[in-house]
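**Student:** Structure supplied as coords11.cif; contents: mmCIF, C-alpha atoms and all ligand atoms.
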```
data_start
loop_
_atom_site.label_atom_id
_atom_site.label_comp_id
_atom_site.auth_asym_id
_atom_site.auth_seq_id
_atom_site.Cartn_x
_atom_site.Cartn_y
_atom_site.Cartn_z
CA MET A 1074 -34.58 52.69 30.85
CA GLU A 1075 -36.86 54.41 33.36
CA GLY A 1076 -34.92 56.59 35.72
CA THR A 1077 -37.27 56.48 38.70
CA GLU A 1078 -36.09 55.23 42.04
CA GLN A 1079 -38.66 52.48 41.95
CA ALA A 1080 -37.40 51.20 38.63
CA GLU A 1081 -33.84 51.13 39.91
CA LYS A 1082 -34.90 49.24 42.99
CA LYS A 1083 -36.73 46.75 40.81
CA GLU A 1084 -33.62 46.42 38.64
CA LYS A 1085 -31.67 45.05 41.60
CA LYS A 1086 -33.98 42.16 42.32
CA LYS A 1087 -32.63 38.78 41.36
CA VAL A 1088 -33.96 37.39 38.11
CA ILE A 1089 -35.79 34.08 38.23
CA LEU A 1090 -36.77 32.37 35.00
CA SER A 1091 -38.50 29.14 34.20
CA GLY A 1092 -40.42 27.51 31.40
CA ILE A 1093 -42.98 24.77 31.06
CA GLN A 1094 -43.89 22.77 27.98
CA PRO A 1095 -47.48 22.97 26.74
CA THR A 1096 -48.04 19.25 26.71
CA GLY A 1097 -51.46 19.04 28.33
CA VAL A 1098 -52.95 20.10 31.62
CA PHE A 1099 -50.51 20.43 34.53
CA THR A 1100 -50.58 17.75 37.19
CA LEU A 1101 -50.73 18.31 40.91
CA GLY A 1102 -46.99 17.55 40.72
CA ASN A 1103 -46.31 20.43 38.32
CA TYR A 1104 -48.43 22.65 40.52
CA ILE A 1105 -46.91 21.82 43.90
CA GLY A 1106 -43.39 21.29 42.59
CA ALA A 1107 -43.26 24.30 40.32
CA VAL A 1108 -46.05 26.69 39.41
CA LYS A 1109 -47.40 27.30 42.93
CA ASN A 1110 -43.90 28.36 43.98
CA TRP A 1111 -43.45 30.51 40.90
CA GLY A 1112 -46.41 32.54 42.05
CA LYS A 1113 -44.97 32.97 45.52
CA MET A 1114 -41.68 34.33 44.21
CA GLN A 1115 -43.19 37.20 42.28
CA ASP A 1116 -42.75 39.87 44.92
CA GLU A 1117 -39.25 39.00 45.96
CA TYR A 1118 -37.77 38.48 42.50
CA ASP A 1119 -37.99 39.70 38.96
CA CYS A 1120 -39.70 36.68 37.47
CA ALA A 1121 -40.01 35.51 33.89
CA TYR A 1122 -42.15 32.51 33.02
CA PHE A 1123 -42.87 31.18 29.60
CA ILE A 1124 -44.53 28.42 27.62
CA ALA A 1125 -41.76 26.41 25.96
CA ASP A 1126 -43.64 25.62 22.76
CA LEU A 1127 -40.50 25.32 20.62
CA HIS A 1128 -39.23 22.57 22.88
CA SER A 1129 -42.45 20.65 22.32
CA LEU A 1130 -41.68 20.37 18.61
CA THR A 1131 -38.92 17.90 19.41
CA ILE A 1132 -41.68 15.30 19.77
CA ARG A 1133 -44.19 15.03 16.92
CA GLN A 1134 -47.29 17.08 17.78
CA ASP A 1135 -50.71 17.51 16.28
CA PRO A 1136 -50.65 21.18 15.13
CA ALA A 1137 -54.19 22.10 16.18
CA ALA A 1138 -53.77 20.38 19.53
CA LEU A 1139 -50.43 22.08 20.17
CA ARG A 1140 -51.95 25.49 19.44
CA LYS A 1141 -54.78 24.85 21.86
CA GLN A 1142 -52.48 23.43 24.52
CA SER A 1143 -50.19 26.46 24.29
CA LEU A 1144 -53.04 28.86 24.89
CA ASP A 1145 -54.44 26.64 27.65
CA ALA A 1146 -51.04 26.40 29.32
CA PHE A 1147 -50.71 30.16 29.15
CA ALA A 1148 -54.14 30.58 30.74
CA LEU A 1149 -53.18 28.01 33.38
CA LEU A 1150 -50.09 29.97 34.39
CA LEU A 1151 -52.30 32.98 35.00
CA ALA A 1152 -54.94 30.84 36.70
CA CYS A 1153 -52.30 29.55 39.11
CA GLY A 1154 -51.53 33.08 40.22
CA ILE A 1155 -48.80 34.29 37.88
CA ASP A 1156 -49.65 37.96 37.67
CA PRO A 1157 -48.69 39.66 34.40
CA GLU A 1158 -48.47 42.97 36.27
CA LYS A 1159 -45.66 41.54 38.39
CA SER A 1160 -44.00 38.95 36.18
CA LEU A 1161 -42.99 38.65 32.58
CA VAL A 1162 -45.16 35.94 31.00
CA PHE A 1163 -44.81 34.98 27.38
CA ILE A 1164 -44.71 32.28 24.76
CA GLN A 1165 -41.25 31.18 23.67
CA SER A 1166 -41.90 31.11 19.92
CA HIS A 1167 -43.13 34.73 20.03
CA VAL A 1168 -39.62 35.88 20.83
CA PRO A 1169 -37.30 35.08 17.90
CA ALA A 1170 -34.18 35.83 19.97
CA HIS A 1171 -34.54 32.39 21.59
CA SER A 1172 -34.07 30.59 18.29
CA GLU A 1173 -31.31 32.96 17.22
CA LEU A 1174 -29.22 32.60 20.35
CA SER A 1175 -29.86 28.88 20.34
CA TRP A 1176 -28.13 28.62 16.95
CA VAL A 1177 -25.11 30.59 18.11
CA LEU A 1178 -24.81 28.55 21.32
CA SER A 1179 -25.09 25.31 19.39
CA CYS A 1180 -21.89 26.34 17.62
CA TYR A 1181 -20.19 26.47 21.03
CA THR A 1182 -21.57 23.10 22.06
CA GLN A 1183 -19.83 19.81 21.48
CA PHE A 1184 -21.46 16.75 20.00
CA GLY A 1185 -20.04 14.73 22.89
CA GLU A 1186 -21.66 16.76 25.63
CA LEU A 1187 -25.10 16.62 24.01
CA SER A 1188 -24.70 12.87 23.55
CA ARG A 1189 -24.28 12.50 27.29
CA MET A 1190 -27.61 14.13 28.17
CA THR A 1191 -29.78 11.55 29.89
CA GLN A 1192 -32.99 13.12 28.62
CA PHE A 1193 -31.75 12.79 25.04
CA LYS A 1194 -30.86 9.16 25.63
CA ASP A 1195 -34.27 8.46 27.22
CA LYS A 1196 -36.31 10.31 24.64
CA SER A 1197 -34.43 8.92 21.66
CA ALA A 1198 -35.03 5.43 23.01
CA ARG A 1199 -38.73 6.16 23.53
CA HIS A 1200 -39.18 7.85 20.14
CA ALA A 1201 -36.77 5.74 18.12
CA ASP A 1202 -38.59 6.59 14.88
CA ASN A 1203 -37.98 10.33 15.34
CA VAL A 1204 -34.54 11.04 16.74
CA ASN A 1205 -34.43 14.51 15.23
CA ALA A 1206 -31.71 17.15 15.46
CA GLY A 1207 -33.93 19.33 17.64
CA LEU A 1208 -34.17 16.61 20.24
CA PHE A 1209 -30.39 16.52 20.24
CA THR A 1210 -29.82 20.29 20.45
CA TYR A 1211 -32.70 20.83 22.90
CA PRO A 1212 -30.26 21.89 25.68
CA ALA A 1213 -28.83 24.69 23.50
CA LEU A 1214 -32.32 26.18 23.14
CA MET A 1215 -32.91 25.84 26.85
CA ALA A 1216 -29.56 27.56 27.52
CA ALA A 1217 -30.63 30.39 25.20
CA ASP A 1218 -33.95 30.74 27.08
CA ILE A 1219 -32.08 31.21 30.32
CA LEU A 1220 -29.04 33.22 29.25
CA LEU A 1221 -30.95 35.80 27.19
CA TYR A 1222 -32.56 37.10 30.39
CA GLN A 1223 -29.36 37.00 32.48
CA ALA A 1224 -31.25 34.84 34.96
CA ASP A 1225 -29.75 34.45 38.43
CA MET A 1226 -31.82 31.45 39.36
CA VAL A 1227 -33.76 28.81 37.51
CA PRO A 1228 -36.32 26.67 39.32
CA VAL A 1229 -36.08 23.27 37.69
CA GLY A 1230 -37.19 19.80 38.53
CA HIS A 1231 -34.75 16.99 38.98
CA ASP A 1232 -35.05 15.94 35.32
CA GLN A 1233 -33.79 19.31 34.08
CA LYS A 1234 -30.76 19.71 36.33
CA GLN A 1235 -28.37 18.30 33.77
CA HIS A 1236 -29.61 20.83 31.22
CA LEU A 1237 -28.99 23.63 33.66
CA GLU A 1238 -25.48 22.30 34.29
CA PHE A 1239 -24.98 22.36 30.54
CA THR A 1240 -26.24 25.96 30.43
CA ARG A 1241 -23.66 26.94 33.02
CA ASP A 1242 -20.92 25.17 31.06
CA VAL A 1243 -21.72 26.79 27.75
CA ALA A 1244 -22.10 30.23 29.36
CA THR A 1245 -18.77 29.88 31.14
CA ARG A 1246 -17.10 28.73 27.94
CA PHE A 1247 -18.50 31.71 26.06
CA ASN A 1248 -17.51 34.17 28.79
CA ASN A 1249 -13.99 32.76 28.82
CA LEU A 1250 -13.67 33.21 25.08
CA TYR A 1251 -15.25 36.65 24.72
CA GLY A 1252 -15.29 38.26 28.15
CA SER A 1253 -18.22 38.52 30.52
CA THR A 1254 -21.43 38.19 28.49
CA PHE A 1255 -23.76 35.90 30.39
CA LYS A 1256 -24.70 35.67 34.03
CA ILE A 1257 -24.03 32.11 35.24
CA PRO A 1258 -27.38 30.85 36.55
CA GLU A 1259 -27.91 28.77 39.66
CA ALA A 1260 -30.48 26.03 40.08
CA TYR A 1261 -33.26 27.06 42.41
CA ILE A 1262 -34.17 24.00 44.38
CA PRO A 1263 -37.68 24.11 45.83
CA LYS A 1264 -37.91 23.12 49.46
CA ALA A 1265 -37.62 19.42 50.18
CA GLY A 1266 -40.66 17.28 49.70
CA ALA A 1267 -42.05 19.12 46.74
CA ARG A 1268 -41.67 16.05 44.58
CA VAL A 1269 -45.09 14.52 44.08
CA MET A 1270 -45.23 10.81 43.37
CA SER A 1271 -47.76 8.64 41.54
CA LEU A 1272 -50.85 7.79 43.59
CA GLN A 1273 -50.75 4.24 42.26
CA GLU A 1274 -47.00 3.52 42.27
CA PRO A 1275 -45.61 5.91 44.86
CA THR A 1276 -41.97 5.17 44.02
CA LYS A 1277 -42.52 6.74 40.58
CA LYS A 1278 -42.91 10.45 39.86
CA MET A 1279 -46.49 11.61 39.21
CA SER A 1280 -46.82 11.94 35.44
CA LYS A 1281 -49.66 12.96 33.18
CA SER A 1282 -48.52 10.39 30.63
CA ASP A 1283 -49.26 7.55 33.07
CA GLU A 1284 -51.61 5.00 31.50
CA ASN A 1285 -53.54 4.76 34.74
CA PRO A 1286 -55.56 7.96 35.23
CA ASN A 1287 -55.85 7.18 38.95
CA ALA A 1288 -52.10 7.69 39.26
CA PHE A 1289 -52.22 11.43 38.73
CA ILE A 1290 -54.33 14.46 39.55
CA THR A 1291 -54.57 17.25 37.01
CA ILE A 1292 -55.16 20.73 38.30
CA LEU A 1293 -58.46 20.91 36.43
CA ASP A 1294 -59.92 17.68 37.82
CA GLU A 1295 -63.36 18.14 39.36
CA PRO A 1296 -63.66 17.80 43.17
CA ASN A 1297 -65.34 14.37 43.10
CA VAL A 1298 -62.67 13.06 40.72
CA ILE A 1299 -59.91 14.34 42.99
CA ILE A 1300 -61.49 12.85 46.09
CA ASN A 1301 -62.02 9.49 44.40
CA LYS A 1302 -58.45 9.33 43.16
CA PHE A 1303 -57.15 9.97 46.66
CA LYS A 1304 -59.51 7.33 48.05
CA ARG A 1305 -57.95 4.83 45.66
CA ALA A 1306 -54.37 5.91 46.40
CA VAL A 1307 -52.05 3.00 47.11
CA THR A 1308 -50.75 2.95 50.68
CA ASP A 1309 -49.57 0.00 52.80
CA SER A 1310 -50.98 -2.65 55.10
CA GLU A 1311 -50.28 -0.72 58.31
CA LYS A 1312 -52.65 1.68 59.99
CA GLU A 1313 -50.63 4.59 61.24
CA VAL A 1314 -50.37 7.90 59.46
CA CYS A 1315 -46.67 8.56 59.99
CA PHE A 1316 -43.78 9.53 57.76
CA ARG A 1317 -41.34 6.68 57.65
CA GLU A 1318 -39.00 4.98 55.21
CA GLY A 1319 -40.79 2.33 53.21
CA LYS A 1320 -44.21 3.98 53.59
CA ASP A 1321 -43.95 5.59 50.16
CA GLY A 1322 -47.68 6.00 49.60
CA ILE A 1323 -48.36 7.57 52.99
CA ASN A 1324 -45.21 9.69 52.77
CA ASN A 1325 -46.40 11.06 49.44
CA LEU A 1326 -49.89 11.86 50.76
CA MET A 1327 -48.40 13.48 53.85
CA THR A 1328 -46.09 15.60 51.71
CA ILE A 1329 -48.99 16.75 49.55
CA TYR A 1330 -51.12 17.52 52.60
CA SER A 1331 -48.24 19.37 54.24
CA VAL A 1332 -47.55 21.58 51.22
CA ILE A 1333 -51.24 22.38 50.78
CA THR A 1334 -52.12 23.06 54.42
CA GLY A 1335 -48.76 24.43 55.59
CA ARG A 1336 -48.79 21.95 58.49
CA THR A 1337 -45.64 20.09 59.45
CA LEU A 1338 -45.35 16.32 59.20
CA GLU A 1339 -45.48 16.07 63.01
CA GLN A 1340 -48.66 18.11 63.15
CA ILE A 1341 -50.20 15.84 60.55
CA GLU A 1342 -49.21 12.73 62.50
CA GLN A 1343 -50.90 14.19 65.56
CA GLU A 1344 -53.98 15.22 63.62
CA PHE A 1345 -54.55 11.66 62.44
CA GLU A 1346 -53.46 9.77 65.51
CA GLY A 1347 -55.88 6.93 66.12
CA LYS A 1348 -57.66 7.55 62.82
CA GLY A 1349 -57.41 5.25 59.82
CA TYR A 1350 -56.07 5.75 56.33
CA GLY A 1351 -59.62 6.29 55.04
CA ASP A 1352 -60.08 9.48 57.05
CA PHE A 1353 -56.64 10.67 56.10
CA LYS A 1354 -57.11 10.09 52.37
CA LEU A 1355 -60.42 11.91 52.45
CA ALA A 1356 -58.83 14.86 54.22
CA VAL A 1357 -56.03 15.04 51.64
CA GLY A 1358 -58.54 14.82 48.78
CA GLU A 1359 -60.67 17.57 50.25
CA ALA A 1360 -57.70 19.84 50.92
CA VAL A 1361 -56.37 19.42 47.39
CA SER A 1362 -59.76 19.91 45.80
CA GLU A 1363 -60.31 23.06 47.84
CA GLU A 1364 -56.86 24.42 46.96
CA LEU A 1365 -57.46 23.84 43.26
CA ARG A 1366 -60.93 25.36 43.27
CA GLU A 1367 -59.65 28.85 42.63
CA VAL A 1368 -57.36 27.60 39.86
CA ARG A 1369 -60.29 25.82 38.19
CA GLU A 1370 -62.51 28.86 38.44
CA ASN A 1371 -59.80 31.22 37.21
CA PHE A 1372 -59.07 28.93 34.31
CA LYS A 1373 -62.70 28.76 33.26
CA ARG A 1374 -62.99 32.53 33.32
CA LEU A 1375 -59.66 33.16 31.56
CA SER A 1376 -60.05 30.60 28.82
CA ALA A 1377 -63.39 32.12 27.91
CA ASP A 1378 -61.67 35.47 27.39
CA LYS A 1379 -59.39 34.93 24.40
CA ALA A 1380 -59.05 38.66 23.79
CA TYR A 1381 -57.58 39.17 27.24
CA LEU A 1382 -55.17 36.25 26.87
CA GLU A 1383 -54.02 37.58 23.53
CA GLN A 1384 -53.45 41.01 24.96
CA VAL A 1385 -51.34 39.55 27.80
CA TYR A 1386 -49.19 37.38 25.57
CA GLN A 1387 -48.67 40.16 23.04
CA ALA A 1388 -47.51 42.51 25.78
CA GLY A 1389 -45.31 39.75 27.23
CA ALA A 1390 -43.72 39.08 23.84
CA GLN A 1391 -42.91 42.75 23.40
CA LYS A 1392 -41.32 43.06 26.80
CA ALA A 1393 -39.41 39.81 26.40
CA ALA A 1394 -38.14 40.91 22.99
CA ALA A 1395 -36.81 44.16 24.46
CA ILE A 1396 -34.94 42.40 27.30
CA SER A 1397 -33.55 39.58 25.20
CA ALA A 1398 -32.44 41.91 22.39
CA ARG A 1399 -29.79 43.40 24.68
CA THR A 1400 -28.09 40.09 25.31
CA LEU A 1401 -28.46 38.95 21.72
CA ALA A 1402 -26.87 42.15 20.38
CA LYS A 1403 -23.87 41.67 22.69
CA VAL A 1404 -23.46 38.09 21.53
CA LYS A 1405 -23.68 38.93 17.84
CA LYS A 1406 -21.07 41.60 18.20
CA LYS A 1407 -18.73 39.39 20.19
CA VAL A 1408 -18.78 36.45 17.81
CA GLY A 1409 -18.17 38.70 14.84
CA LEU A 1410 -21.50 38.96 13.10
CA LEU A 1411 -21.73 42.19 11.13
CA VAL A 1412 -24.13 44.38 13.07
CA LYS A 1413 -26.72 46.00 10.85
N1 LIG B 1501 -37.10 21.85 29.33
C1 LIG B 1501 -37.98 22.24 30.38
C2 LIG B 1501 -38.94 21.08 30.71
O1 LIG B 1501 -39.27 20.31 29.85
C3 LIG B 1501 -38.79 23.45 30.00
C4 LIG B 1501 -37.89 24.59 29.74
C5 LIG B 1501 -37.54 25.08 28.53
C6 LIG B 1501 -37.22 25.36 30.71
N2 LIG B 1501 -36.69 26.13 28.68
C7 LIG B 1501 -36.48 26.33 30.00
C8 LIG B 1501 -37.17 25.35 32.11
C9 LIG B 1501 -35.67 27.25 30.65
C10 LIG B 1501 -36.37 26.26 32.77
C11 LIG B 1501 -35.61 27.21 32.03
O2 LIG B 1501 -39.39 21.00 31.83
#
```
Turn this file's structure into structure tokens for me.
**Tutor:**
Amino acid sequence: MEGTEQAEKKEKKKVILSGIQPTGVFTLGNYIGAVKNWGKMQDEYDCAYFIADLHSLTIRQDPAALRKQSLDAFALLLACGIDPEKSLVFIQSHVPAHSELSWVLSCYTQFGELSRMTQFKDKSARHADNVNAGLFTYPALMAADILLYQADMVPVGHDQKQHLEFTRDVATRFNNLYGSTFKIPEAYIPKAGARVMSLQEPTKKMSKSDENPNAFITILDEPNVIINKFKRAVTDSEKEVCFREGKDGINNLMTIYSVITGRTLEQIEQEFEGKGYGDFKLAVGEAVSEELREVRENFKRLSADKAYLEQVYQAGAQKAAAISARTLAKVKKKVGLLVK
């Protein structure tokens, strides 16, 4: 380890880790709810972000498409402001320790607790023809992702909270059996309102798998597409731009506008007092399109430079391997594997 004062100081920062599956372009929801914040945390914390490609195998994928999506997702992380000079960025399958620790943890995981996972129940109902063992043990791999890096905090969306709870349980169980091995991670909850809803059915979460393309914005949508989708956003039959229960569509647009512009809900209400929904929707569309302009431009530049991307993910894999090897070695020793 480097002995410089700076390195020691860096060592003390809290570790934040999160992953995202490479299943297509991120939505505005992924961006506002997750990746935009990941970028902001890079100075305060020691951050690790990765593309969870192994997790994607739990649903049948087209191999060529998955490869392309993984590289695109990696480029998107960088395009959204994740700086490889500040943060560890890598691709999960490039670091074999994830799969190795996942196996060990799965031997400390009960069938019953995996059966209770709501995501498993949902996904096995949706993909009834492919209820594979990986889909079932998915949380053990996610626990390995987190515990290998001794993460203090894990930013996760609502749908992943149960998996993080599971991670804490399995880590605690292991520590109780073998003595302190893993840091017990906390969920990092992004500030309220960062949940972006569908533009067409604002009681549902914005999702890129929505059949109606007007329901979601992807972060690579062109400006005119973004503006048109906001123009078509479902609101209500009133006229006032104000945040109130029951006004799900307007509440969602106000939340988006607030996160993008940094204005409070009250300031937004004042800004649009006496103006109609049309003006408001246009303003939201323009603000979002402007915010995403840099991401779009960065992505275009980065995805044209495969050599650079490769260099960044190779370096990330090496660094990730070095960090995760420490935890994995401890684990192997503790459970009684013969160390070579
Ligand atoms: N399962 C997460 C999702 O689908 C992605 C993920 C994999 C993850 N490993 C992780 C997130 C570790 C946080 C920490 O969204």
**Student:** Between A:Ile1164, A:Leu1208, A:Ala1146, A:Cys1153, which has the minimum distance to A:His1128 (counting all atoms listed in the file)?
**Tutor:**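 The closest residue to A:His1128 is A:Leu1208.
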**Student:** Using all atoms listed in the file, which residues of the polymer chains come no farther than 10 Å from ligand LIG 1501 (chain B)? I'd like the answer as a PDB file with C-alpha atoms, keeping the file's coordinate frame.
**Tutor:**
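The new file out12.pdb reads:
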```pdb
ATOM      1  CA  ILE A1089     -35.790  34.080  38.230  1.00  0.00           C
ATOM      2  CA  LEU A1090     -36.770  32.370  35.000  1.00  0.00           C
ATOM      3  CA  SER A1091     -38.500  29.140  34.200  1.00  0.00           C
ATOM      4  CA  GLY A1092     -40.420  27.510  31.400  1.00  0.00           C
ATOM      5  CA  ILE A1093     -42.980  24.770  31.060  1.00  0.00           C
ATOM      6  CA  GLN A1094     -43.890  22.770  27.980  1.00  0.00           C
ATOM      7  CA  PRO A1095     -47.480  22.970  26.740  1.00  0.00           C
ATOM      8  CA  THR A1096     -48.040  19.250  26.710  1.00  0.00           C
ATOM      9  CA  ASN A1103     -46.310  20.430  38.320  1.00  0.00           C
ATOM     10  CA  ALA A1107     -43.260  24.300  40.320  1.00  0.00           C
ATOM     11  CA  ALA A1121     -40.010  35.510  33.890  1.00  0.00           C
ATOM     12  CA  TYR A1122     -42.150  32.510  33.020  1.00  0.00           C
ATOM     13  CA  PHE A1123     -42.870  31.180  29.600  1.00  0.00           C
ATOM     14  CA  ILE A1124     -44.530  28.420  27.620  1.00  0.00           C
ATOM     15  CA  ALA A1125     -41.760  26.410  25.960  1.00  0.00           C
ATOM     16  CA  ASP A1126     -43.640  25.620  22.760  1.00  0.00           C
ATOM     17  CA  LEU A1127     -40.500  25.320  20.620  1.00  0.00           C
ATOM     18  CA  HIS A1128     -39.230  22.570  22.880  1.00  0.00           C
ATOM     19  CA  SER A1129     -42.450  20.650  22.320  1.00  0.00           C
ATOM     20  CA  GLN A1165     -41.250  31.180  23.670  1.00  0.00           C
ATOM     21  CA  HIS A1171     -34.540  32.390  21.590  1.00  0.00           C
ATOM     22  CA  GLN A1192     -32.990  13.120  28.620  1.00  0.00           C
ATOM     23  CA  TYR A1211     -32.700  20.830  22.900  1.00  0.00           C
ATOM     24  CA  PRO A1212     -30.260  21.890  25.680  1.00  0.00           C
ATOM     25  CA  ALA A1213     -28.830  24.690  23.500  1.00  0.00           C
ATOM     26  CA  LEU A1214     -32.320  26.180  23.140  1.00  0.00           C
ATOM     27  CA  MET A1215     -32.910  25.840  26.850  1.00  0.00           C
ATOM     28  CA  ALA A1216     -29.560  27.560  27.520  1.00  0.00           C
ATOM     29  CA  ALA A1217     -30.630  30.390  25.200  1.00  0.00           C
ATOM     30  CA  ASP A1218     -33.950  30.740  27.080  1.00  0.00           C
ATOM     31  CA  ILE A1219     -32.080  31.210  30.320  1.00  0.00           C
ATOM     32  CA  LEU A1220     -29.040  33.220  29.250  1.00  0.00           C
ATOM     33  CA  ALA A1224     -31.250  34.840  34.960  1.00  0.00           C
ATOM     34  CA  MET A1226     -31.820  31.450  39.360  1.00  0.00           C
ATOM     35  CA  VAL A1227     -33.760  28.810  37.510  1.00  0.00           C
ATOM     36  CA  PRO A1228     -36.320  26.670  39.320  1.00  0.00           C
ATOM     37  CA  VAL A1229     -36.080  23.270  37.690  1.00  0.00           C
ATOM     38  CA  GLY A1230     -37.190  19.800  38.530  1.00  0.00           C
ATOM     39  CA  HIS A1231     -34.750  16.990  38.980  1.00  0.00           C
ATOM     40  CA  ASP A1232     -35.050  15.940  35.320  1.00  0.00           C
ATOM     41  CA  GLN A1233     -33.790  19.310  34.080  1.00  0.00           C
ATOM     42  CA  LYS A1234     -30.760  19.710  36.330  1.00  0.00           C
ATOM     43  CA  HIS A1236     -29.610  20.830  31.220  1.00  0.00           C
ATOM     44  CA  LEU A1237     -28.990  23.630  33.660  1.00  0.00           C
ATOM     45  CA  THR A1240     -26.240  25.960  30.430  1.00  0.00           C
ATOM     46  CA  ALA A1260     -30.480  26.030  40.080  1.00  0.00           C
TER      47      ALA A1260
END
```
**Student:** When you draw a straight line from atom CA of A:Asp1116 to atom CA of A:Asp1294, how long is it in Å?
**Tutor:**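 Between these atoms lies a distance of 28.9 Å.
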**Student:** Just to confirm, what's the straight-line distance from atom CA of A:Lys1354 to atom CA of A:Lys1304 in Å (one decimal)?
**Tutor:**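 For atom CA of A:Lys1354 relative to atom CA of A:Lys1304, the distance reads 5.7 Å.
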**Student:** Using only C-alpha atoms, which protein or nucleic acid residues come within 9 Å of stretch 1286-1289 of chain A? Drop anything in the same chain fewer than 3 positions from it, and give the result as a PyMOL selection string.
**Tutor:** chain A and resi 1100-1102+1270-1275+1279-1283+1301-1303+1305-1306
**Student:** Using all atoms listed in the file, pick whichever of A:Leu1410, A:Leu1355, A:Ile1396, A:Ala1206 has the shortest atom-to-atom distance to A:Leu1187.
**Tutor:**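 Closest candidate: A:Ala1206.
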**Student:** Dump C-alpha atoms of stretch 1143-1178 of chain A from the given block, as a PDB file, in the first residue's frame.
**Tutor:**
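Wrote it out as out_28.pdb, contents follow:
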```pdb
ATOM      1  CA  SER A1143     -22.107  -3.884 -21.710  1.00  0.00           C
ATOM      2  CA  LEU A1144     -19.666  -1.678 -23.556  1.00  0.00           C
ATOM      3  CA  ASP A1145     -22.360   0.955 -24.139  1.00  0.00           C
ATOM      4  CA  ALA A1146     -23.333   0.910 -20.474  1.00  0.00           C
ATOM      5  CA  PHE A1147     -19.701   1.313 -19.508  1.00  0.00           C
ATOM      6  CA  ALA A1148     -19.367   4.280 -21.872  1.00  0.00           C
ATOM      7  CA  LEU A1149     -22.594   5.714 -20.459  1.00  0.00           C
ATOM      8  CA  LEU A1150     -21.255   5.630 -16.909  1.00  0.00           C
ATOM      9  CA  LEU A1151     -18.294   7.685 -18.050  1.00  0.00           C
ATOM     10  CA  ALA A1152     -20.528   9.930 -20.162  1.00  0.00           C
ATOM     11  CA  CYS A1153     -22.630  10.675 -17.081  1.00  0.00           C
ATOM     12  CA  GLY A1154     -19.586  11.971 -15.258  1.00  0.00           C
ATOM     13  CA  ILE A1155     -18.098   8.949 -13.513  1.00  0.00           C
ATOM     14  CA  ASP A1156     -14.423   9.816 -13.645  1.00  0.00           C
ATOM     15  CA  PRO A1157     -12.060   6.833 -13.759  1.00  0.00           C
ATOM     16  CA  GLU A1158      -9.367   9.001 -12.178  1.00  0.00           C
ATOM     17  CA  LYS A1159     -11.544   9.383  -9.090  1.00  0.00           C
ATOM     18  CA  SER A1160     -13.647   6.237  -8.985  1.00  0.00           C
ATOM     19  CA  LEU A1161     -13.132   2.571  -9.580  1.00  0.00           C
ATOM     20  CA  VAL A1162     -15.145   1.616 -12.680  1.00  0.00           C
ATOM     21  CA  PHE A1163     -15.192  -1.914 -13.994  1.00  0.00           C
ATOM     22  CA  ILE A1164     -17.149  -4.763 -15.478  1.00  0.00           C
ATOM     23  CA  GLN A1165     -18.275  -7.427 -13.028  1.00  0.00           C
ATOM     24  CA  SER A1166     -17.335 -10.468 -15.123  1.00  0.00           C
ATOM     25  CA  HIS A1167     -13.761  -9.169 -15.478  1.00  0.00           C
ATOM     26  CA  VAL A1168     -13.196  -9.772 -11.787  1.00  0.00           C
ATOM     27  CA  PRO A1169     -13.456 -13.509 -11.027  1.00  0.00           C
ATOM     28  CA  ALA A1170     -13.554 -12.898  -7.261  1.00  0.00           C
ATOM     29  CA  HIS A1171     -17.244 -11.941  -7.611  1.00  0.00           C
ATOM     30  CA  SER A1172     -18.191 -15.394  -8.854  1.00  0.00           C
ATOM     31  CA  GLU A1173     -15.911 -17.096  -6.347  1.00  0.00           C
ATOM     32  CA  LEU A1174     -17.249 -15.304  -3.295  1.00  0.00           C
ATOM     33  CA  SER A1175     -20.765 -15.726  -4.594  1.00  0.00           C
ATOM     34  CA  TRP A1176     -20.337 -19.511  -4.449  1.00  0.00           C
ATOM     35  CA  VAL A1177     -19.020 -19.430  -0.895  1.00  0.00           C
ATOM     36  CA  LEU A1178     -21.819 -17.109   0.259  1.00  0.00           C
TER      37      LEU A1178
END
```
